[in-house]
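Coordinates as given in model07.pdb (PDB, C-alpha atoms):
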MODEL        1
ATOM      1  CA  MET A   1      -2.053 -88.662 -80.795
ATOM      2  CA  ILE A   2      -0.443 -92.045 -80.230
ATOM      3  CA  CYS A   3       1.717 -92.851 -77.204
ATOM      4  CA  LEU A   4       3.730 -96.055 -77.085
ATOM      5  CA  VAL A   5       4.483 -97.127 -73.504
ATOM      6  CA  THR A   6       7.575 -99.298 -73.416
ATOM      7  CA  ASP A   7       7.943-102.704 -71.793
ATOM      8  CA  ARG A   8      11.236-104.249 -72.824
ATOM      9  CA  ARG A   9      10.707-107.466 -70.839
ATOM     10  CA  ARG A  10       7.393-108.163 -72.489
ATOM     11  CA  LEU A  11       8.873-107.257 -75.864
ATOM     12  CA  ALA A  12      11.887-109.557 -75.570
ATOM     13  CA  GLY A  13      10.165-112.435 -73.786
ATOM     14  CA  ASP A  14      10.536-113.993 -70.367
ATOM     15  CA  GLY A  15      14.067-114.995 -69.477
ATOM     16  CA  ALA A  16      15.747-112.837 -72.116
ATOM     17  CA  ALA A  17      19.068-111.244 -71.239
ATOM     18  CA  ALA A  18      19.039-107.571 -70.296
ATOM     19  CA  ALA A  19      21.033-106.642 -73.396
ATOM     20  CA  ALA A  20      18.526-108.453 -75.581
ATOM     21  CA  GLY A  21      15.634-106.545 -74.040
ATOM     22  CA  ASN A  22      17.370-103.225 -74.579
ATOM     23  CA  SER A  23      18.226-104.152 -78.156
ATOM     24  CA  CYS A  24      14.616-105.018 -78.885
ATOM     25  CA  LEU A  25      13.438-101.755 -77.363
ATOM     26  CA  VAL A  26      15.847 -99.741 -79.511
ATOM     27  CA  ALA A  27      14.565-101.592 -82.584
ATOM     28  CA  GLN A  28      10.979-100.860 -81.558
ATOM     29  CA  MET A  29      11.884 -97.200 -81.089
ATOM     30  CA  ARG A  30      13.213 -97.041 -84.647
ATOM     31  CA  HIS A  31       9.971 -98.545 -85.902
ATOM     32  CA  ALA A  32       7.931 -96.054 -83.852
ATOM     33  CA  VAL A  33       9.868 -93.151 -85.356
ATOM     34  CA  ALA A  34       9.371 -94.528 -88.870
ATOM     35  CA  ALA A  35       5.628 -94.977 -88.240
ATOM     36  CA  GLY A  36       5.216 -91.428 -86.950
ATOM     37  CA  VAL A  37       4.222 -92.316 -83.386
ATOM     38  CA  ASP A  38       3.832 -89.040 -81.481
ATOM     39  CA  LEU A  39       5.119 -90.009 -78.024
ATOM     40  CA  VAL A  40       7.192 -92.854 -76.643
ATOM     41  CA  GLN A  41       7.018 -93.156 -72.868
ATOM     42  CA  VAL A  42       9.964 -95.072 -71.424
ATOM     43  CA  ARG A  43       8.357 -96.977 -68.569
ATOM     44  CA  GLU A  44      10.970 -99.429 -67.293
ATOM     45  CA  ARG A  45      10.352 -99.170 -63.568
ATOM     46  CA  ASP A  46      12.624-102.071 -62.592
ATOM     47  CA  LEU A  47      15.771-100.281 -63.798
ATOM     48  CA  GLU A  48      18.054 -98.373 -61.438
ATOM     49  CA  ALA A  49      18.957 -94.807 -62.372
ATOM     50  CA  GLY A  50      22.212 -95.644 -64.136
ATOM     51  CA  ALA A  51      20.802 -98.406 -66.326
ATOM     52  CA  LEU A  52      17.703 -96.370 -67.095
ATOM     53  CA  ALA A  53      19.774 -93.335 -68.048
ATOM     54  CA  ALA A  54      21.910 -95.402 -70.419
ATOM     55  CA  LEU A  55      18.805 -96.797 -72.104
ATOM     56  CA  VAL A  56      17.079 -93.415 -72.344
ATOM     57  CA  ALA A  57      20.200 -91.802 -73.819
ATOM     58  CA  GLU A  58      20.280 -94.462 -76.530
ATOM     59  CA  LEU A  59      16.595 -93.985 -77.319
ATOM     60  CA  VAL A  60      17.006 -90.192 -77.413
ATOM     61  CA  GLY A  61      19.665 -90.756 -80.057
ATOM     62  CA  VAL A  62      17.168 -92.710 -82.153
ATOM     63  CA  SER A  63      14.381 -90.132 -81.887
ATOM     64  CA  ARG A  64      16.512 -87.012 -82.242
ATOM     65  CA  GLY A  65      15.566 -85.014 -85.343
ATOM     66  CA  SER A  66      12.237 -86.809 -85.780
ATOM     67  CA  ALA A  67       8.657 -85.845 -84.928
ATOM     68  CA  THR A  68       8.523 -88.537 -82.230
ATOM     69  CA  ARG A  69       8.985 -87.142 -78.729
ATOM     70  CA  LEU A  70      10.563 -89.287 -76.035
ATOM     71  CA  ILE A  71       9.340 -88.959 -72.458
ATOM     72  CA  VAL A  72      10.452 -90.764 -69.304
ATOM     73  CA  ASN A  73       8.048 -92.264 -66.809
ATOM     74  CA  ASP A  74       8.254 -90.360 -63.510
ATOM     75  CA  ARG A  75      12.055 -89.942 -63.423
ATOM     76  CA  LEU A  76      12.451 -86.218 -64.019
ATOM     77  CA  ASP A  77      16.136 -86.425 -63.126
ATOM     78  CA  VAL A  78      16.836 -89.026 -65.812
ATOM     79  CA  ALA A  79      14.747 -87.192 -68.398
ATOM     80  CA  LEU A  80      16.623 -83.941 -67.834
ATOM     81  CA  ALA A  81      20.052 -85.552 -67.675
ATOM     82  CA  CYS A  82      19.564 -87.464 -70.921
ATOM     83  CA  GLY A  83      17.961 -84.716 -72.973
ATOM     84  CA  ALA A  84      14.552 -86.369 -73.240
ATOM     85  CA  ASP A  85      11.594 -84.341 -74.483
ATOM     86  CA  GLY A  86       9.570 -84.668 -71.302
ATOM     87  CA  VAL A  87       8.463 -86.619 -68.262
ATOM     88  CA  HIS A  88       5.238 -88.459 -67.482
ATOM     89  CA  LEU A  89       4.324 -88.194 -63.810
ATOM     90  CA  ARG A  90       2.323 -90.803 -61.931
ATOM     91  CA  GLY A  91      -0.830 -89.665 -60.204
ATOM     92  CA  ASP A  92       0.923 -89.738 -56.819
ATOM     93  CA  SER A  93       4.188 -88.194 -58.004
ATOM     94  CA  MET A  94       5.669 -84.732 -57.521
ATOM     95  CA  PRO A  95       3.593 -81.604 -58.229
ATOM     96  CA  ILE A  96       3.559 -80.514 -61.839
ATOM     97  CA  ALA A  97       4.544 -76.976 -60.843
ATOM     98  CA  ALA A  98       7.682 -78.273 -59.107
ATOM     99  CA  ALA A  99       8.686 -80.234 -62.196
ATOM    100  CA  ARG A 100       7.987 -77.208 -64.380
ATOM    101  CA  ARG A 101      10.382 -75.049 -62.344
ATOM    102  CA  LEU A 102      13.231 -77.453 -63.079
ATOM    103  CA  ALA A 103      12.457 -78.095 -66.740
ATOM    104  CA  PRO A 104      13.565 -76.096 -69.782
ATOM    105  CA  ALA A 105      11.134 -74.370 -72.112
ATOM    106  CA  GLY A 106       9.242 -76.769 -74.341
ATOM    107  CA  PHE A 107       9.702 -79.711 -71.979
ATOM    108  CA  LEU A 108       6.542 -81.846 -71.905
ATOM    109  CA  ILE A 109       4.968 -82.777 -68.573
ATOM    110  CA  GLY A 110       2.157 -85.316 -68.518
ATOM    111  CA  ARG A 111       0.168 -86.827 -65.667
ATOM    112  CA  SER A 112      -1.747 -90.064 -65.133
ATOM    113  CA  VAL A 113      -5.294 -89.515 -63.857
ATOM    114  CA  HIS A 114      -8.102 -91.837 -62.846
ATOM    115  CA  GLY A 115     -11.046 -89.494 -62.385
ATOM    116  CA  VAL A 116     -12.381 -85.989 -62.817
ATOM    117  CA  ASP A 117     -10.981 -84.626 -59.554
ATOM    118  CA  GLU A 118      -7.461 -85.793 -60.384
ATOM    119  CA  ALA A 119      -7.784 -84.391 -63.889
ATOM    120  CA  ARG A 120      -8.819 -80.966 -62.639
ATOM    121  CA  ALA A 121      -5.943 -80.970 -60.153
ATOM    122  CA  ALA A 122      -3.551 -81.707 -63.045
ATOM    123  CA  ALA A 123      -4.876 -78.991 -65.334
ATOM    124  CA  ASP A 124      -1.401 -77.429 -65.596
ATOM    125  CA  ALA A 125      -0.003 -80.554 -67.300
ATOM    126  CA  ASP A 126       0.612 -80.519 -71.042
ATOM    127  CA  TYR A 127      -1.444 -83.673 -71.493
ATOM    128  CA  LEU A 128      -3.186 -86.320 -69.389
ATOM    129  CA  ILE A 129      -3.369 -90.092 -69.679
ATOM    130  CA  ALA A 130      -6.679 -91.362 -68.304
ATOM    131  CA  GLY A 131      -7.460 -94.927 -67.372
ATOM    132  CA  THR A 132      -7.863 -97.720 -66.948
ATOM    133  CA  VAL A 133     -10.629 -97.436 -69.570
ATOM    134  CA  PHE A 134     -11.022-101.140 -70.490
ATOM    135  CA  ARG A 135      -9.544-104.337 -69.122
ATOM    136  CA  SER A 136      -6.343-105.410 -70.826
ATOM    137  CA  ALA A 137      -3.774-108.193 -70.738
ATOM    138  CA  SER A 138      -1.478-106.058 -68.575
ATOM    139  CA  LYS A 139      -4.322-105.072 -66.208
ATOM    140  CA  PRO A 140      -6.911-107.855 -66.482
ATOM    141  CA  ASP A 141      -8.844-106.889 -63.357
ATOM    142  CA  PRO A 142      -8.307-103.213 -62.546
ATOM    143  CA  ALA A 143     -10.508-101.778 -59.845
ATOM    144  CA  PRO A 144     -12.351 -99.752 -60.709
ATOM    145  CA  LEU A 145     -12.517 -99.391 -64.485
ATOM    146  CA  LEU A 146     -12.851 -95.833 -65.773
ATOM    147  CA  GLY A 147     -14.992 -96.850 -68.733
ATOM    148  CA  VAL A 148     -16.079 -94.699 -71.664
ATOM    149  CA  ASP A 149     -18.346 -92.518 -69.532
ATOM    150  CA  GLY A 150     -15.543 -91.804 -67.075
ATOM    151  CA  LEU A 151     -13.211 -90.966 -69.937
ATOM    152  CA  ARG A 152     -15.775 -88.598 -71.422
ATOM    153  CA  ALA A 153     -16.228 -86.851 -68.072
ATOM    154  CA  ILE A 154     -12.488 -86.240 -67.802
ATOM    155  CA  VAL A 155     -12.291 -84.890 -71.351
ATOM    156  CA  GLN A 156     -15.136 -82.480 -70.628
ATOM    157  CA  ALA A 157     -13.589 -81.338 -67.334
ATOM    158  CA  VAL A 158     -10.242 -80.104 -68.671
ATOM    159  CA  ASP A 159      -8.864 -78.169 -71.618
ATOM    160  CA  ARG A 160      -5.812 -80.380 -72.048
ATOM    161  CA  PRO A 161      -5.358 -83.292 -74.483
ATOM    162  CA  VAL A 162      -6.506 -86.517 -72.828
ATOM    163  CA  LEU A 163      -5.154 -89.880 -73.984
ATOM    164  CA  ALA A 164      -7.026 -93.070 -73.129
ATOM    165  CA  ILE A 165      -5.163 -96.090 -71.750
ATOM    166  CA  GLY A 166      -6.288 -99.627 -71.027
ATOM    167  CA  GLY A 167      -7.435-102.147 -73.623
ATOM    168  CA  MET A 168      -6.805 -99.802 -76.528
ATOM    169  CA  ALA A 169      -7.290-101.969 -79.604
ATOM    170  CA  GLY A 170      -9.805-102.376 -82.399
ATOM    171  CA  GLU A 171     -13.237-100.840 -81.861
ATOM    172  CA  ARG A 172     -12.259 -99.580 -78.407
ATOM    173  CA  ILE A 173     -10.014 -96.967 -79.983
ATOM    174  CA  ALA A 174     -13.026 -95.646 -81.903
ATOM    175  CA  GLU A 175     -15.034 -95.594 -78.656
ATOM    176  CA  ALA A 176     -12.310 -93.533 -76.986
ATOM    177  CA  ALA A 177     -12.300 -91.137 -79.921
ATOM    178  CA  ALA A 178     -16.072 -90.778 -79.728
ATOM    179  CA  ALA A 179     -15.698 -89.894 -76.036
ATOM    180  CA  GLY A 180     -13.461 -86.999 -77.046
ATOM    181  CA  ALA A 181     -10.015 -88.451 -76.329
ATOM    182  CA  ALA A 182      -7.171 -86.802 -78.220
ATOM    183  CA  GLY A 183      -5.480 -90.172 -78.667
ATOM    184  CA  PHE A 184      -4.484 -93.307 -76.838
ATOM    185  CA  ALA A 185      -1.560 -94.938 -75.052
ATOM    186  CA  ALA A 186      -0.687 -98.628 -75.156
ATOM    187  CA  ASN A 187       2.260-100.944 -74.637
ATOM    188  CA  ARG A 188       1.584-103.348 -77.479
ATOM    189  CA  PRO A 189       4.133-103.362 -80.323
ATOM    190  CA  VAL A 190       3.770-100.515 -82.804
ATOM    191  CA  HIS A 191       2.805-102.837 -85.667
ATOM    192  CA  GLY A 192      -0.146-104.024 -83.573
ATOM    193  CA  PHE A 193      -1.741-100.567 -83.316
ATOM    194  CA  ILE A 194      -4.832 -99.704 -85.274
ATOM    195  CA  SER A 195      -3.732 -96.160 -85.962
ATOM    196  CA  TRP A 196      -5.625 -93.081 -84.892
ATOM    197  CA  ARG A 197      -4.629 -91.550 -88.217
ATOM    198  CA  ARG A 198      -4.564 -94.737 -90.316
ATOM    199  CA  LEU A 199      -0.770 -94.647 -90.407
ATOM    200  CA  PRO A 200       0.799 -96.331 -93.435
ATOM    201  CA  ARG A 201       2.678 -99.551 -92.857
ATOM    202  CA  HIS A 202       6.468 -99.129 -92.724
ATOM    203  CA  GLY A 203       7.571-102.714 -93.086
ATOM    204  CA  THR A 204       7.335-105.320 -90.372
ATOM    205  CA  ALA A 205       8.385-104.673 -86.811
ATOM    206  CA  PRO A 206      11.238-106.912 -85.642
ATOM    207  CA  ASP A 207      10.416-110.232 -84.023
ATOM    208  CA  CYS A 208      12.212-109.389 -80.810
ATOM    209  CA  LYS A 209      11.231-112.552 -78.978
ATOM    210  CA  GLN A 210      12.915-114.630 -81.652
ATOM    211  CA  ARG A 211      15.951-112.392 -81.734
ATOM    212  CA  ALA A 212      16.247-112.363 -77.944
ATOM    213  CA  ARG A 213      16.655-116.125 -77.967
ATOM    214  CA  THR A 214      19.602-115.824 -80.327
ATOM    215  CA  VAL A 215      21.435-112.865 -78.750
TER     216      VAL A 215
ENDMDL
END
Rewrite the structure from the file as structure tokens, please.
Amino acid sequence: MICLVTDRRRLAGDGAAAAAGNSCLVAQMRHAVAAGVDLVQVRERDLEAGALAALVAELVGVSRGSATRLIVNDRLDVALACGADGVHLRGDSMPIAAARRLAPAGFLIGRSVHGVDEARAAADADYLIAGTVFRSASKPDPAPLLGVDGLRAIVQAVDRPVLAIGGMAGERIAEAAAAGAAGFAANRPVHGFISWRRLPRHGTAPDCKQRARTV
């Protein structure tokens, strides 16, 4: 299972206009759908509710009818209002049971976890994202690192799919798989993934940084 975590500002480049960032994210979403990415988590925490809802609604339109499921980071209200496929709750967010009471049937609820105790407490989630497994450009010095052994302990503690996050590239993806992870999450562009399933190439992802400078 592959989860793309969005970051429109990183995708478009520093100083890009808001419209350019959104445009690049929509283009990346199209590429994710074409590549068969399982989940896209919209994680744009700087956006107010209205702007986030507008962006999510546009992305839902791109993913509708495909196998790619769109989830919204922590904002259950936005996810429900825009017809998203689910919500991903932070470790310190609302209880999963409370979210479940408000959600329709088939609505995905995920949770971020950082250790075995948190994973066991989130056993009623549909999936878990565990990390930070390795250092990455976005989190160069997380404290503490979960590591492969910590990831393995979480996988063994729960009966839910566990995705690894943090430094997921190259041989580290294979290490996460060997630890029992069901997949991985990352915010690098889709064409930069080494696929869990050896996904075929579907053309070249758009050069959003170049396009952002011309929008």
Two-atom distance - CA of Asp159 in chain A, CA of Val133 in chain A (Å): 19.5 Å
For this structure, which residues satisfy the selection - the PyMOL selection byres ((chain A and resi 148) around 8) - when it is evaluated on the file as given? I want them as a PyMOL selection string. chain A and resi 133+146-147+149-152+175-176+179
Given the file shown, enumerate the residues that the PyMOL selection byres ((chain A and resi 87) around 10) captures and present them as a ChimeraX atom specification. /A:41-42,70-80,84-86,88-90,99,103,107-111
Keeping C-alpha atoms, export the residues of the selection given above as a PDB file, in the coordinates of the input.
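Listing of out24.pdb after writing:
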ATOM      1  CA  GLN A  41       7.018 -93.156 -72.868  1.00  0.00           C
ATOM      2  CA  VAL A  42       9.964 -95.072 -71.424  1.00  0.00           C
ATOM      3  CA  LEU A  70      10.563 -89.287 -76.035  1.00  0.00           C
ATOM      4  CA  ILE A  71       9.340 -88.959 -72.458  1.00  0.00           C
ATOM      5  CA  VAL A  72      10.452 -90.764 -69.304  1.00  0.00           C
ATOM      6  CA  ASN A  73       8.048 -92.264 -66.809  1.00  0.00           C
ATOM      7  CA  ASP A  74       8.254 -90.360 -63.510  1.00  0.00           C
ATOM      8  CA  ARG A  75      12.055 -89.942 -63.423  1.00  0.00           C
ATOM      9  CA  LEU A  76      12.451 -86.218 -64.019  1.00  0.00           C
ATOM     10  CA  ASP A  77      16.136 -86.425 -63.126  1.00  0.00           C
ATOM     11  CA  VAL A  78      16.836 -89.026 -65.812  1.00  0.00           C
ATOM     12  CA  ALA A  79      14.747 -87.192 -68.398  1.00  0.00           C
ATOM     13  CA  LEU A  80      16.623 -83.941 -67.834  1.00  0.00           C
ATOM     14  CA  ALA A  84      14.552 -86.369 -73.240  1.00  0.00           C
ATOM     15  CA  ASP A  85      11.594 -84.341 -74.483  1.00  0.00           C
ATOM     16  CA  GLY A  86       9.570 -84.668 -71.302  1.00  0.00           C
ATOM     17  CA  HIS A  88       5.238 -88.459 -67.482  1.00  0.00           C
ATOM     18  CA  LEU A  89       4.324 -88.194 -63.810  1.00  0.00           C
ATOM     19  CA  ARG A  90       2.323 -90.803 -61.931  1.00  0.00           C
ATOM     20  CA  ALA A  99       8.686 -80.234 -62.196  1.00  0.00           C
ATOM     21  CA  ALA A 103      12.457 -78.095 -66.740  1.00  0.00           C
ATOM     22  CA  PHE A 107       9.702 -79.711 -71.979  1.00  0.00           C
ATOM     23  CA  LEU A 108       6.542 -81.846 -71.905  1.00  0.00           C
ATOM     24  CA  ILE A 109       4.968 -82.777 -68.573  1.00  0.00           C
ATOM     25  CA  GLY A 110       2.157 -85.316 -68.518  1.00  0.00           C
ATOM     26  CA  ARG A 111       0.168 -86.827 -65.667  1.00  0.00           C
TER      27      ARG A 111
END
Counting all atoms listed in the file, the option among A:Gly13, A:Gly167, A:Gly106, A:Gly61 closest to Val33 in chain A: A:Gly61
I'd like to see the residues matched by the PyMOL selection byres ((chain A and resi 64-66) around 12) on this file, and ideally I'd get them as a list in words.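 Written out, the selection comes to Met29, Arg30, His31, Ala32, Val33, Ala34, Ala35, Gly36, Val37, Asp38, Leu39, Val56, Ala57, Glu58, Leu59, Val60, Gly61, Val62, Ser63, Ala67, Thr68, Arg69, Leu70, Cys82, Gly83, Ala84 and Asp85 of chain A.
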Residues just named, written with C-alpha atoms as a short mmCIF file (atom, residue, chain, number, x, y, z; two decimals), keeping the file's coordinate frame:
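Generated output (again.cif):
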data_model
loop_
_atom_site.label_atom_id
_atom_site.label_comp_id
_atom_site.auth_asym_id
_atom_site.auth_seq_id
_atom_site.Cartn_x
_atom_site.Cartn_y
_atom_site.Cartn_z
CA MET A 29 11.88 -97.20 -81.09
CA ARG A 30 13.21 -97.04 -84.65
CA HIS A 31 9.97 -98.54 -85.90
CA ALA A 32 7.93 -96.05 -83.85
CA VAL A 33 9.87 -93.15 -85.36
CA ALA A 34 9.37 -94.53 -88.87
CA ALA A 35 5.63 -94.98 -88.24
CA GLY A 36 5.22 -91.43 -86.95
CA VAL A 37 4.22 -92.32 -83.39
CA ASP A 38 3.83 -89.04 -81.48
CA LEU A 39 5.12 -90.01 -78.02
CA VAL A 56 17.08 -93.42 -72.34
CA ALA A 57 20.20 -91.80 -73.82
CA GLU A 58 20.28 -94.46 -76.53
CA LEU A 59 16.60 -93.98 -77.32
CA VAL A 60 17.01 -90.19 -77.41
CA GLY A 61 19.66 -90.76 -80.06
CA VAL A 62 17.17 -92.71 -82.15
CA SER A 63 14.38 -90.13 -81.89
CA ALA A 67 8.66 -85.84 -84.93
CA THR A 68 8.52 -88.54 -82.23
CA ARG A 69 8.98 -87.14 -78.73
CA LEU A 70 10.56 -89.29 -76.04
CA CYS A 82 19.56 -87.46 -70.92
CA GLY A 83 17.96 -84.72 -72.97
CA ALA A 84 14.55 -86.37 -73.24
CA ASP A 85 11.59 -84.34 -74.48
#
So, with all atoms listed in the file as the atoms that count, which of A:Ala49, A:Ile165, A:Ala17, A:Ala54 lies closest to Ser136 in chain A? A:Ile165
Rank nothing, just name the residue among A:Leu145, A:Asn22, A:Val155, A:Ala137 nearest to Ala169 in chain A, using all atoms listed in the file. A:Ala137
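Straight-line separation from CA of Ala97 in chain A to CA of Glu48 in chain A: 25.3 Å.
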Using only C-alpha atoms, find the one residue out of A:Ser93, A:Thr6, A:Ser112, A:Ser23 that sits nearest to Ala164 in chain A.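 Once distances to Ala164 in chain A are computed over only C-alpha atoms, the minimum belongs to A:Ser112.
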If you measure from CA of Ala105 in chain A to CA of Leu55 in chain A, what distance in Å do you get, rounded to one decimal?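 Answer for the CA of Ala105 in chain A to CA of Leu55 in chain A separation: 23.7 Å.
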Using only C-alpha atoms, can you tell me which of A:Ile96, A:Leu4, A:Ala51, A:Gly166 comes closest to Thr132 in chain A?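 Among the listed residues, A:Gly166 lies closest to Thr132 in chain A.
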